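Novice: Provided herewith is a single structure, encoded as structure tokens, for subsequent inquiry.
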Amino acid sequence: MALQFEVVGRFNRARASKLTLPHYVVQTPMFMPVGTQGTIKGLTNRQLEDIGCQIILGNTYHLALRPGAELIDELGGLHKFMNWKRGLLTDSGGFQMVSLLHLADITEEGVTFQSPVDGKPMLLTPEESIQIQNKIGADIIMALDDVVRTTITGPRIEEAMYRTLRWMDRCIAAHKRPDAQNLFGIVQGGLDPVLRDICVRGLVERNLPGYAIGGLAGGEDKDSFWRVVAQCTAALPEDKPRYVMGVGYPLDIVVCSALGADMYDCVYPTRTARFGTALVPEGVLKLKHNAMASDERPIDSTCSCMVCKNYTRAYIHSLVTRDAMGSQLLSYHNLSYMMRLSKDLHMSIVEGRFPEYVRGFLRTQFPKGDVPQWVCNAMEVAGIDISSCCAPVPV
């Protein structure tokens, strides 16, 4: 095991931790931006360091296609290749089963993809996924799992969950660098509590360095989403990191952190930036709107990032529809917002003011008191009183 995990603060189920990895010591709760092919679009590594980015996520499937795992290995691993001295996490390629399903055929052996580069078939087995990730050299690597959208029901969910456990054993057997890379397992089982419980118990029996909750953020309703997270975090070990995959909305991260999750990743902050949308404490700010054309205020007056210090909404509005610089500036701001959110969550837990932080966050996002019912339900389970944030229900 190549990590140390120390809980340094908690409030009920929420916890703040210090996670020591081979390349960096990180604080949780933590958001990880997605750099599919070893880069966050439009941002330099120095900029990512400046805003406090701790771990970048890379995609095994895409890195294996271009530039290729062999080349990355020959050049000293992904850290050296991209000149990034902090943490790296690579996914297994399994998510492409969902996102590229029209190109994939799933069997017990693995996943056969039709390469989007040249159209040739490409078989990704659990062994191959781990071999590629061993060559890439990330601090955290993910087991290949059988991913099914949570909106699907029926026997396919059960089949995928049991296959995920079988593939886990093949990943463990194939992992050649456990002293330098941490192999995380992924809890599957759709929205079925029984299947989720079987999968959690099966993975915990294998005593892995960390555990991810997979198969969410794929279109399921929010009440189902938080209940799966709550069930899994309650059953996973206290002394191991818990990673909710594909979650990037700030509200979701606050709720999941209250329920005991530690790590998150998503393309949302950078993807929404490319559409001209900024993340702000009140929610989102759409810079393409005509009302922004003459607005001399910064994106967010409470933000100390380079963009908010130097540029007006009017300037960014003039860029977002016609210049790449617009999406770059918004990506910088949005990731800065996510890093600040992560740090604020960590510090509020450590300093014993997490409930106050959550209430303040909700009052800002929902000034009329219209906090969604699923958030109210989740916070009740998390033991956080948010009644002062909610408008009285009409009788």
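Identifiers in this document derive from the order of the structure tokens: chains are assigned A, B, ..., residues are numbered from 1 separately in each chain, and ligands are numbered from 1 in order of occurrence.
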Fewer than 4 positions away in the same chain doesn't count, so skip those; otherwise give me all residues within 9 Å of segment 234-245 of chain A, counting only C-alpha atoms, as a tab-separated table (two decimals) with all heavy atoms, in the first residue's frame.

Specialist:
```tsv
chain	number	residue	atom	x	y	z
A	4	GLN	N	-0.93	6.82	2.92
A	4	GLN	CA	-1.32	6.92	4.32
A	4	GLN	C	-2.54	7.84	4.38
A	4	GLN	O	-2.58	8.87	3.70
A	4	GLN	CB	-0.19	7.50	5.17
A	4	GLN	CG	1.01	6.59	5.31
A	4	GLN	CD	2.12	7.25	6.13
A	4	GLN	OE1	2.61	8.31	5.77
A	4	GLN	NE2	2.49	6.63	7.23
A	5	PHE	N	-3.51	7.44	5.18
A	5	PHE	CA	-4.75	8.21	5.26
A	5	PHE	C	-5.02	8.52	6.73
A	5	PHE	O	-5.18	7.62	7.55
A	5	PHE	CB	-5.91	7.41	4.66
A	5	PHE	CG	-7.23	8.15	4.65
A	5	PHE	CD1	-7.48	9.13	3.72
A	5	PHE	CD2	-8.21	7.84	5.57
A	5	PHE	CE1	-8.68	9.82	3.70
A	5	PHE	CE2	-9.44	8.51	5.56
A	5	PHE	CZ	-9.67	9.50	4.62
A	6	GLU	N	-5.04	9.81	7.05
A	6	GLU	CA	-5.24	10.23	8.43
A	6	GLU	C	-6.40	11.21	8.52
A	6	GLU	O	-6.38	12.27	7.89
A	6	GLU	CB	-3.97	10.90	8.96
A	6	GLU	CG	-4.09	11.42	10.38
A	6	GLU	CD	-2.90	12.27	10.80
A	6	GLU	OE1	-1.98	12.46	9.99
A	6	GLU	OE2	-2.93	12.76	11.95
A	7	VAL	N	-7.43	10.85	9.27
A	7	VAL	CA	-8.55	11.76	9.51
A	7	VAL	C	-8.11	12.80	10.53
A	7	VAL	O	-7.68	12.46	11.64
A	7	VAL	CB	-9.79	11.00	10.00
A	7	VAL	CG1	-10.92	11.97	10.35
A	7	VAL	CG2	-10.27	10.01	8.94
A	13	ARG	N	-20.76	12.39	10.10
A	13	ARG	CA	-20.23	11.55	9.03
A	13	ARG	C	-19.14	12.25	8.20
A	13	ARG	O	-18.30	11.60	7.59
A	13	ARG	CB	-21.36	11.10	8.11
A	13	ARG	CG	-22.37	10.21	8.84
A	13	ARG	CD	-23.57	9.88	7.97
A	13	ARG	NE	-23.19	9.12	6.79
A	13	ARG	CZ	-23.94	8.17	6.24
A	13	ARG	NH1	-25.09	7.83	6.80
A	13	ARG	NH2	-23.55	7.54	5.16
A	17	SER	N	-9.31	15.04	5.96
A	17	SER	CA	-8.19	14.12	6.11
A	17	SER	C	-6.93	14.63	5.44
A	17	SER	O	-6.96	15.56	4.62
A	17	SER	CB	-8.55	12.74	5.52
A	17	SER	OG	-8.46	12.78	4.11
A	19	LEU	N	-4.11	12.91	3.11
A	19	LEU	CA	-3.84	11.73	2.30
A	19	LEU	C	-2.44	11.86	1.72
A	19	LEU	O	-2.17	12.73	0.89
A	19	LEU	CB	-4.89	11.62	1.19
A	19	LEU	CG	-4.72	10.52	0.13
A	19	LEU	CD1	-4.71	9.14	0.76
A	19	LEU	CD2	-5.82	10.63	-0.92
A	28	THR	N	-8.33	16.43	2.07
A	28	THR	CA	-9.70	16.16	1.62
A	28	THR	C	-10.67	16.82	2.59
A	28	THR	O	-10.31	17.07	3.75
A	28	THR	CB	-9.98	14.65	1.55
A	28	THR	OG1	-10.15	14.13	2.86
A	28	THR	CG2	-8.87	13.91	0.83
A	186	ILE	N	-14.01	-0.23	-7.25
A	186	ILE	CA	-15.17	0.61	-7.54
A	186	ILE	C	-16.46	-0.12	-7.19
A	186	ILE	O	-16.71	-1.22	-7.70
A	186	ILE	CB	-15.19	1.04	-9.02
A	186	ILE	CG1	-13.88	1.74	-9.39
A	186	ILE	CG2	-16.38	1.95	-9.30
A	186	ILE	CD1	-13.73	2.04	-10.88
A	197	ASP	N	-24.66	-3.36	-1.46
A	197	ASP	CA	-24.12	-3.92	-0.22
A	197	ASP	C	-23.23	-5.12	-0.50
A	197	ASP	O	-22.16	-5.27	0.09
A	197	ASP	CB	-25.28	-4.32	0.71
A	197	ASP	CG	-24.79	-4.80	2.07
A	197	ASP	OD1	-24.09	-4.01	2.74
A	197	ASP	OD2	-25.06	-5.95	2.45
A	200	VAL	N	-19.93	-3.71	-1.92
A	200	VAL	CA	-19.11	-3.08	-0.88
A	200	VAL	C	-18.42	-4.15	-0.04
A	200	VAL	O	-17.19	-4.09	0.18
A	200	VAL	CB	-19.96	-2.17	0.04
A	200	VAL	CG1	-19.18	-1.78	1.29
A	200	VAL	CG2	-20.39	-0.91	-0.69
A	201	ARG	N	-19.18	-5.14	0.43
A	201	ARG	CA	-18.59	-6.17	1.29
A	201	ARG	C	-17.52	-6.96	0.54
A	201	ARG	O	-16.47	-7.30	1.10
A	201	ARG	CB	-19.69	-7.09	1.83
A	201	ARG	CG	-20.51	-6.43	2.93
A	201	ARG	CD	-21.44	-7.38	3.66
A	201	ARG	NE	-22.66	-7.63	2.89
A	201	ARG	CZ	-22.98	-8.80	2.35
A	201	ARG	NH1	-22.16	-9.83	2.46
A	201	ARG	NH2	-24.11	-8.94	1.69
A	204	VAL	N	-14.37	-4.68	0.29
A	204	VAL	CA	-13.73	-4.48	1.59
A	204	VAL	C	-12.97	-5.73	2.01
A	204	VAL	O	-11.87	-5.64	2.60
A	204	VAL	CB	-14.77	-4.06	2.65
A	204	VAL	CG1	-14.16	-4.06	4.05
A	204	VAL	CG2	-15.34	-2.69	2.33
A	208	LEU	N	-8.35	-3.14	0.04
A	208	LEU	CA	-7.72	-2.27	-0.95
A	208	LEU	C	-7.26	-0.96	-0.30
A	208	LEU	O	-7.75	-0.59	0.78
A	208	LEU	CB	-8.71	-1.99	-2.08
A	208	LEU	CG	-9.20	-3.25	-2.81
A	208	LEU	CD1	-10.45	-2.94	-3.62
A	208	LEU	CD2	-8.10	-3.80	-3.70
A	209	PRO	N	-6.36	-0.22	-0.95
A	209	PRO	CA	-5.91	1.07	-0.39
A	209	PRO	C	-7.01	2.12	-0.33
A	209	PRO	O	-6.94	3.04	0.49
A	209	PRO	CB	-4.80	1.51	-1.36
A	209	PRO	CG	-4.36	0.27	-2.05
A	209	PRO	CD	-5.58	-0.60	-2.15
A	210	GLY	N	-8.01	2.02	-1.20
A	210	GLY	CA	-9.09	2.99	-1.22
A	210	GLY	C	-10.25	2.47	-2.05
A	210	GLY	O	-10.12	1.46	-2.76
A	211	TYR	N	-11.38	3.17	-1.97
A	211	TYR	CA	-12.61	2.67	-2.60
A	211	TYR	C	-13.34	3.82	-3.29
A	211	TYR	O	-13.42	4.93	-2.76
A	211	TYR	CB	-13.53	2.04	-1.56
A	211	TYR	CG	-12.88	0.90	-0.82
A	211	TYR	CD1	-12.15	1.14	0.35
A	211	TYR	CD2	-12.95	-0.40	-1.30
A	211	TYR	CE1	-11.53	0.10	1.03
A	211	TYR	CE2	-12.32	-1.44	-0.63
A	211	TYR	CZ	-11.62	-1.19	0.53
A	211	TYR	OH	-10.98	-2.21	1.19
A	212	ALA	N	-13.88	3.53	-4.46
A	212	ALA	CA	-14.67	4.51	-5.20
A	212	ALA	C	-16.12	4.05	-5.28
A	212	ALA	O	-16.41	2.84	-5.26
A	212	ALA	CB	-14.11	4.70	-6.60
A	213	ILE	N	-17.01	5.01	-5.35
A	213	ILE	CA	-18.44	4.74	-5.57
A	213	ILE	C	-18.70	5.11	-7.02
A	213	ILE	O	-18.62	6.27	-7.41
A	213	ILE	CB	-19.31	5.56	-4.61
A	213	ILE	CG1	-18.94	5.25	-3.15
A	213	ILE	CG2	-20.79	5.29	-4.87
A	213	ILE	CD1	-19.54	6.22	-2.13
A	214	GLY	N	-18.98	4.11	-7.85
A	214	GLY	CA	-19.13	4.32	-9.28
A	214	GLY	C	-20.56	4.20	-9.74
A	214	GLY	O	-21.47	3.88	-8.98
A	215	GLY	N	-20.76	4.48	-11.03
A	215	GLY	CA	-22.06	4.28	-11.64
A	215	GLY	C	-23.09	5.34	-11.33
A	215	GLY	O	-24.28	5.14	-11.60
A	216	LEU	N	-22.67	6.47	-10.74
A	216	LEU	CA	-23.62	7.54	-10.42
A	216	LEU	C	-23.39	8.72	-11.37
A	216	LEU	O	-22.55	8.66	-12.25
A	216	LEU	CB	-23.46	7.98	-8.97
A	216	LEU	CG	-23.85	6.94	-7.91
A	216	LEU	CD1	-23.53	7.44	-6.52
A	216	LEU	CD2	-25.34	6.58	-8.03
A	217	ALA	N	-24.15	9.80	-11.15
A	217	ALA	CA	-24.07	11.01	-11.97
A	217	ALA	C	-24.31	10.68	-13.44
A	217	ALA	O	-23.71	11.27	-14.34
A	217	ALA	CB	-22.72	11.71	-11.79
A	229	VAL	N	-24.88	7.11	-2.16
A	229	VAL	CA	-23.66	7.63	-1.54
A	229	VAL	C	-23.70	7.39	-0.04
A	229	VAL	O	-22.71	6.92	0.56
A	229	VAL	CB	-23.49	9.13	-1.86
A	229	VAL	CG1	-22.32	9.72	-1.05
A	229	VAL	CG2	-23.27	9.35	-3.35
A	230	ALA	N	-24.82	7.69	0.60
A	230	ALA	CA	-24.94	7.52	2.06
A	230	ALA	C	-24.76	6.06	2.45
A	230	ALA	O	-24.07	5.75	3.44
A	230	ALA	CB	-26.30	8.04	2.53
A	256	CYS	N	-22.28	15.30	-0.53
A	256	CYS	CA	-21.51	14.05	-0.41
A	256	CYS	C	-20.47	14.14	0.70
A	256	CYS	O	-20.21	13.16	1.40
A	256	CYS	CB	-20.85	13.69	-1.74
A	256	CYS	SG	-22.01	13.16	-3.02
A	259	LEU	N	-21.95	13.51	3.93
A	259	LEU	CA	-22.26	12.09	4.09
A	259	LEU	C	-21.01	11.23	4.26
A	259	LEU	O	-21.12	10.01	4.41
A	259	LEU	CB	-23.07	11.59	2.89
A	259	LEU	CG	-24.47	12.20	2.75
A	259	LEU	CD1	-25.09	11.84	1.40
A	259	LEU	CD2	-25.38	11.75	3.89
A	260	GLY	N	-19.81	11.84	4.22
A	260	GLY	CA	-18.61	11.09	4.51
A	260	GLY	C	-17.73	10.74	3.34
A	260	GLY	O	-16.83	9.89	3.47
A	261	ALA	N	-17.94	11.36	2.17
A	261	ALA	CA	-17.06	11.12	1.02
A	261	ALA	C	-15.89	12.10	1.05
A	261	ALA	O	-15.95	13.15	1.70
A	261	ALA	CB	-17.84	11.26	-0.29
A	262	ASP	N	-14.82	11.74	0.31
A	262	ASP	CA	-13.57	12.50	0.39
A	262	ASP	C	-13.09	13.09	-0.93
A	262	ASP	O	-12.46	14.14	-0.95
A	262	ASP	CB	-12.43	11.59	0.90
A	262	ASP	CG	-12.78	10.88	2.19
A	262	ASP	OD1	-13.07	11.58	3.18
A	262	ASP	OD2	-12.77	9.63	2.22
A	263	MET	N	-13.33	12.40	-2.04
A	263	MET	CA	-12.72	12.76	-3.32
A	263	MET	C	-13.76	12.79	-4.43
A	263	MET	O	-14.69	11.98	-4.42
A	263	MET	CB	-11.62	11.75	-3.68
A	263	MET	CG	-10.52	11.62	-2.66
A	263	MET	SD	-9.52	10.11	-2.87
A	263	MET	CE	-8.87	10.36	-4.53
A	264	TYR	N	-13.55	13.70	-5.39
A	264	TYR	CA	-14.51	13.88	-6.50
A	264	TYR	C	-13.76	14.26	-7.77
A	264	TYR	O	-12.68	14.86	-7.72
A	264	TYR	CB	-15.50	15.00	-6.17
A	264	TYR	CG	-16.07	14.90	-4.77
A	264	TYR	CD1	-15.48	15.60	-3.71
A	264	TYR	CD2	-17.16	14.09	-4.50
A	264	TYR	CE1	-15.96	15.48	-2.42
A	264	TYR	CE2	-17.65	13.97	-3.20
A	264	TYR	CZ	-17.05	14.66	-2.17
A	264	TYR	OH	-17.53	14.54	-0.89
A	265	ASP	N	-14.36	13.94	-8.92
A	265	ASP	CA	-13.81	14.39	-10.19
A	265	ASP	C	-14.95	14.64	-11.15
A	265	ASP	O	-16.02	14.02	-11.05
A	265	ASP	CB	-12.87	13.34	-10.80
A	265	ASP	CG	-13.66	12.26	-11.52
A	265	ASP	OD1	-14.21	11.34	-10.86
A	265	ASP	OD2	-13.77	12.33	-12.77
A	266	CYS	N	-14.73	15.54	-12.10
A	266	CYS	CA	-15.74	15.78	-13.13
A	266	CYS	C	-15.19	16.77	-14.16
A	266	CYS	O	-14.34	17.61	-13.83
A	266	CYS	CB	-17.01	16.38	-12.51
A	266	CYS	SG	-18.44	16.37	-13.62
```

Novice: Excluding same-chain residues fewer than 3 positions from segment 276-281 of chain A, what lies within 8 Å of it counting only C-alpha atoms, as a list in words?

Specialist: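 The residues satisfying every condition are Pro269, Thr272, Ala273, Val284, Leu285, Lys286, Leu287, Lys288, Ile299, Asp300, His317, Val320, Thr321, Gly326, Ser327, Leu330, His333, Asn334, Tyr337, Phe361, Thr364 and Gln365 of chain A.
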
Novice: Those same residues, written as a PDB file, in the first residue's frame with N, CA, C and O atoms?

Specialist:
```
ATOM      1  N   PRO A 269     -16.625  21.692 -14.374  1.00  0.00           N
ATOM      2  CA  PRO A 269     -16.152  23.081 -14.251  1.00  0.00           C
ATOM      3  C   PRO A 269     -15.473  23.614 -15.504  1.00  0.00           C
ATOM      4  O   PRO A 269     -15.647  24.788 -15.853  1.00  0.00           O
ATOM      5  N   THR A 272     -18.251  23.552 -18.649  1.00  0.00           N
ATOM      6  CA  THR A 272     -19.224  24.651 -18.579  1.00  0.00           C
ATOM      7  C   THR A 272     -18.537  25.988 -18.860  1.00  0.00           C
ATOM      8  O   THR A 272     -19.154  26.918 -19.394  1.00  0.00           O
ATOM      9  N   ALA A 273     -17.231  26.070 -18.556  1.00  0.00           N
ATOM     10  CA  ALA A 273     -16.474  27.286 -18.882  1.00  0.00           C
ATOM     11  C   ALA A 273     -16.412  27.496 -20.390  1.00  0.00           C
ATOM     12  O   ALA A 273     -16.507  28.630 -20.878  1.00  0.00           O
ATOM     13  N   VAL A 284     -24.495  29.850 -10.823  1.00  0.00           N
ATOM     14  CA  VAL A 284     -23.752  30.061 -12.067  1.00  0.00           C
ATOM     15  C   VAL A 284     -24.027  31.457 -12.605  1.00  0.00           C
ATOM     16  O   VAL A 284     -25.058  32.062 -12.311  1.00  0.00           O
ATOM     17  N   LEU A 285     -23.071  31.946 -13.396  1.00  0.00           N
ATOM     18  CA  LEU A 285     -23.189  33.252 -14.047  1.00  0.00           C
ATOM     19  C   LEU A 285     -22.919  33.040 -15.531  1.00  0.00           C
ATOM     20  O   LEU A 285     -21.837  32.578 -15.911  1.00  0.00           O
ATOM     21  N   LYS A 286     -23.900  33.354 -16.359  1.00  0.00           N
ATOM     22  CA  LYS A 286     -23.774  33.107 -17.793  1.00  0.00           C
ATOM     23  C   LYS A 286     -23.205  34.349 -18.473  1.00  0.00           C
ATOM     24  O   LYS A 286     -23.904  35.340 -18.666  1.00  0.00           O
ATOM     25  N   LEU A 287     -21.939  34.269 -18.831  1.00  0.00           N
ATOM     26  CA  LEU A 287     -21.227  35.438 -19.368  1.00  0.00           C
ATOM     27  C   LEU A 287     -21.628  35.760 -20.794  1.00  0.00           C
ATOM     28  O   LEU A 287     -21.306  36.847 -21.294  1.00  0.00           O
ATOM     29  N   LYS A 288     -22.330  34.876 -21.480  1.00  0.00           N
ATOM     30  CA  LYS A 288     -22.764  35.160 -22.844  1.00  0.00           C
ATOM     31  C   LYS A 288     -23.974  36.084 -22.885  1.00  0.00           C
ATOM     32  O   LYS A 288     -24.272  36.674 -23.921  1.00  0.00           O
ATOM     33  N   ILE A 299     -16.164  38.668 -12.095  1.00  0.00           N
ATOM     34  CA  ILE A 299     -17.089  37.531 -12.075  1.00  0.00           C
ATOM     35  C   ILE A 299     -17.655  37.344 -10.679  1.00  0.00           C
ATOM     36  O   ILE A 299     -18.863  37.209 -10.474  1.00  0.00           O
ATOM     37  N   ASP A 300     -16.766  37.367  -9.676  1.00  0.00           N
ATOM     38  CA  ASP A 300     -17.175  37.120  -8.288  1.00  0.00           C
ATOM     39  C   ASP A 300     -16.358  38.031  -7.385  1.00  0.00           C
ATOM     40  O   ASP A 300     -15.134  37.903  -7.301  1.00  0.00           O
ATOM     41  N   HIS A 317     -17.188  38.676 -21.423  1.00  0.00           N
ATOM     42  CA  HIS A 317     -18.333  38.560 -22.332  1.00  0.00           C
ATOM     43  C   HIS A 317     -17.896  38.790 -23.779  1.00  0.00           C
ATOM     44  O   HIS A 317     -18.337  38.088 -24.695  1.00  0.00           O
ATOM     45  N   VAL A 320     -15.978  35.380 -24.861  1.00  0.00           N
ATOM     46  CA  VAL A 320     -16.468  33.998 -24.780  1.00  0.00           C
ATOM     47  C   VAL A 320     -17.050  33.469 -26.090  1.00  0.00           C
ATOM     48  O   VAL A 320     -17.028  32.261 -26.337  1.00  0.00           O
ATOM     49  N   THR A 321     -17.548  34.338 -26.926  1.00  0.00           N
ATOM     50  CA  THR A 321     -18.161  33.855 -28.170  1.00  0.00           C
ATOM     51  C   THR A 321     -17.202  33.861 -29.352  1.00  0.00           C
ATOM     52  O   THR A 321     -17.515  33.292 -30.395  1.00  0.00           O
ATOM     53  N   GLY A 326     -11.368  33.449 -23.764  1.00  0.00           N
ATOM     54  CA  GLY A 326     -12.548  33.498 -22.900  1.00  0.00           C
ATOM     55  C   GLY A 326     -12.732  32.208 -22.124  1.00  0.00           C
ATOM     56  O   GLY A 326     -12.911  32.222 -20.895  1.00  0.00           O
ATOM     57  N   SER A 327     -12.679  31.072 -22.807  1.00  0.00           N
ATOM     58  CA  SER A 327     -12.862  29.789 -22.122  1.00  0.00           C
ATOM     59  C   SER A 327     -11.678  29.479 -21.213  1.00  0.00           C
ATOM     60  O   SER A 327     -11.836  28.841 -20.168  1.00  0.00           O
ATOM     61  N   LEU A 330     -12.250  31.520 -18.022  1.00  0.00           N
ATOM     62  CA  LEU A 330     -13.342  30.937 -17.238  1.00  0.00           C
ATOM     63  C   LEU A 330     -12.946  29.592 -16.649  1.00  0.00           C
ATOM     64  O   LEU A 330     -13.345  29.254 -15.531  1.00  0.00           O
ATOM     65  N   HIS A 333     -10.906  30.396 -13.604  1.00  0.00           N
ATOM     66  CA  HIS A 333     -11.763  30.838 -12.497  1.00  0.00           C
ATOM     67  C   HIS A 333     -12.562  29.671 -11.916  1.00  0.00           C
ATOM     68  O   HIS A 333     -12.637  29.511 -10.686  1.00  0.00           O
ATOM     69  N   ASN A 334     -13.173  28.854 -12.788  1.00  0.00           N
ATOM     70  CA  ASN A 334     -14.026  27.771 -12.296  1.00  0.00           C
ATOM     71  C   ASN A 334     -13.242  26.749 -11.485  1.00  0.00           C
ATOM     72  O   ASN A 334     -13.708  26.262 -10.450  1.00  0.00           O
ATOM     73  N   TYR A 337     -12.465  28.249  -8.204  1.00  0.00           N
ATOM     74  CA  TYR A 337     -13.649  28.142  -7.343  1.00  0.00           C
ATOM     75  C   TYR A 337     -13.728  26.759  -6.702  1.00  0.00           C
ATOM     76  O   TYR A 337     -13.985  26.626  -5.499  1.00  0.00           O
ATOM     77  N   PHE A 361     -23.521  28.149   2.822  1.00  0.00           N
ATOM     78  CA  PHE A 361     -23.481  27.762   1.413  1.00  0.00           C
ATOM     79  C   PHE A 361     -24.896  27.672   0.844  1.00  0.00           C
ATOM     80  O   PHE A 361     -25.185  28.194  -0.248  1.00  0.00           O
ATOM     81  N   THR A 364     -26.736  31.066   0.443  1.00  0.00           N
ATOM     82  CA  THR A 364     -26.257  31.819  -0.716  1.00  0.00           C
ATOM     83  C   THR A 364     -26.814  31.259  -2.014  1.00  0.00           C
ATOM     84  O   THR A 364     -27.205  31.994  -2.918  1.00  0.00           O
ATOM     85  N   GLN A 365     -26.866  29.929  -2.117  1.00  0.00           N
ATOM     86  CA  GLN A 365     -27.365  29.290  -3.336  1.00  0.00           C
ATOM     87  C   GLN A 365     -28.893  29.370  -3.442  1.00  0.00           C
ATOM     88  O   GLN A 365     -29.435  29.417  -4.552  1.00  0.00           O
TER      89      GLN A 365
END
```

Novice: Might you pull out every residue within 8 Å of segment 128-141 of chain A, with only C-alpha atoms counted and same-chain residues fewer than 6 positions away left off, and present them as a list in words?

Specialist: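 Neighbouring residues, sequence-local ones excluded: Leu21, Pro22, His23, Thr60, Ala64, Ala69, Glu70, Ile72, Asp73, Gly77, Leu78, His79, Gly87, Leu88, Leu89, Thr90, Asp91, Ser92, Gly93, Cys171, Ala174, His175, Lys176, Arg177, Ala180, Gln181, Asn182, Leu183 and Phe184 of chain A.
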
Novice: Take atom CA of Val26 of chain A and atom CA of Pro355 of chain A and report the distance between them in Å, one decimal.

Specialist: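 Straight-line distance from atom CA of Val26 of chain A to atom CA of Pro355 of chain A works out to 22.9 Å.
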
Novice: Let's see if you can do this: from backbone DSSP, list all alpha helix (DSSP H) residues in segment 69-138 of chain A, as a PyMOL selection string.

Specialist: chain A and resi 69-74+78-82+96-99+126-136

Novice: As JSON, numbers by chain, please: all residues of segment 136-335 of chain A that backbone DSSP puts in strand (DSSP E).

Specialist: {"A": [140, 141, 142, 182, 183, 184, 185, 186, 187, 210, 211, 212, 213, 242, 243, 244, 263, 264, 265, 266, 277, 278, 279, 280, 283, 284, 285, 286]}

Novice: Take atom CA of Ala143 of chain A and atom CA of Tyr249 of chain A and report the distance between them in Å, one decimal.

Specialist: 24.5 Å

Novice: Given the choices A:Cys53, A:Cys305, A:Ala104, A:Met338, which gets closest to Lys85 of chain A if the distance is worked out from only C-alpha atoms?

Specialist: A:Cys53

Novice: Tell me which of A:Gly38, A:Gly110, A:Gly52, A:Pro126 sits closest to Met142 of chain A, counting only C-alpha atoms.

Specialist: A:Pro126

Novice: Skip Gly352 of chain A itself and residues of its chain fewer than 6 positions away, then list as a PyMOL selection string all residues within 9 Å of it, counting only C-alpha atoms.

Specialist: chain A and resi 9-11

Novice: Go through A:Asp295, A:Lys120, A:Gly248, A:Met1 and flag the residue nearest Asn207 of chain A, using only C-alpha atoms for the distances.

Specialist: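 Among A:Asp295, A:Lys120, A:Gly248, A:Met1, it is A:Met1 that comes nearest to Asn207 of chain A.
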
Novice: Between A:Thr270, A:Thr125, A:Ser336, A:Thr302, which is the closest to Glu282 of chain A once you count only C-alpha atoms?

Specialist: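 Of all the options, A:Thr302 lies closest to Glu282 of chain A.
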
Novice: Ranking A:Glu296, A:Asp221, A:Asp192, A:Glu351 by minimum distance to Val8 of chain A and counting only C-alpha atoms, which one comes first?

Specialist: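 Once distances to Val8 of chain A are computed over only C-alpha atoms, the minimum belongs to A:Glu351.
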
Novice: Measuring atom to atom with only C-alpha atoms, identify which of A:Val375, A:Leu123, A:Leu195, A:Val307 is nearest to Ile157 of chain A.

Specialist: A:Leu195

Novice: What separation in Å, quoted to one decimal, exists between atom CA of Val247 of chain A and atom CA of Lys222 of chain A?

Specialist: 11.9 Å
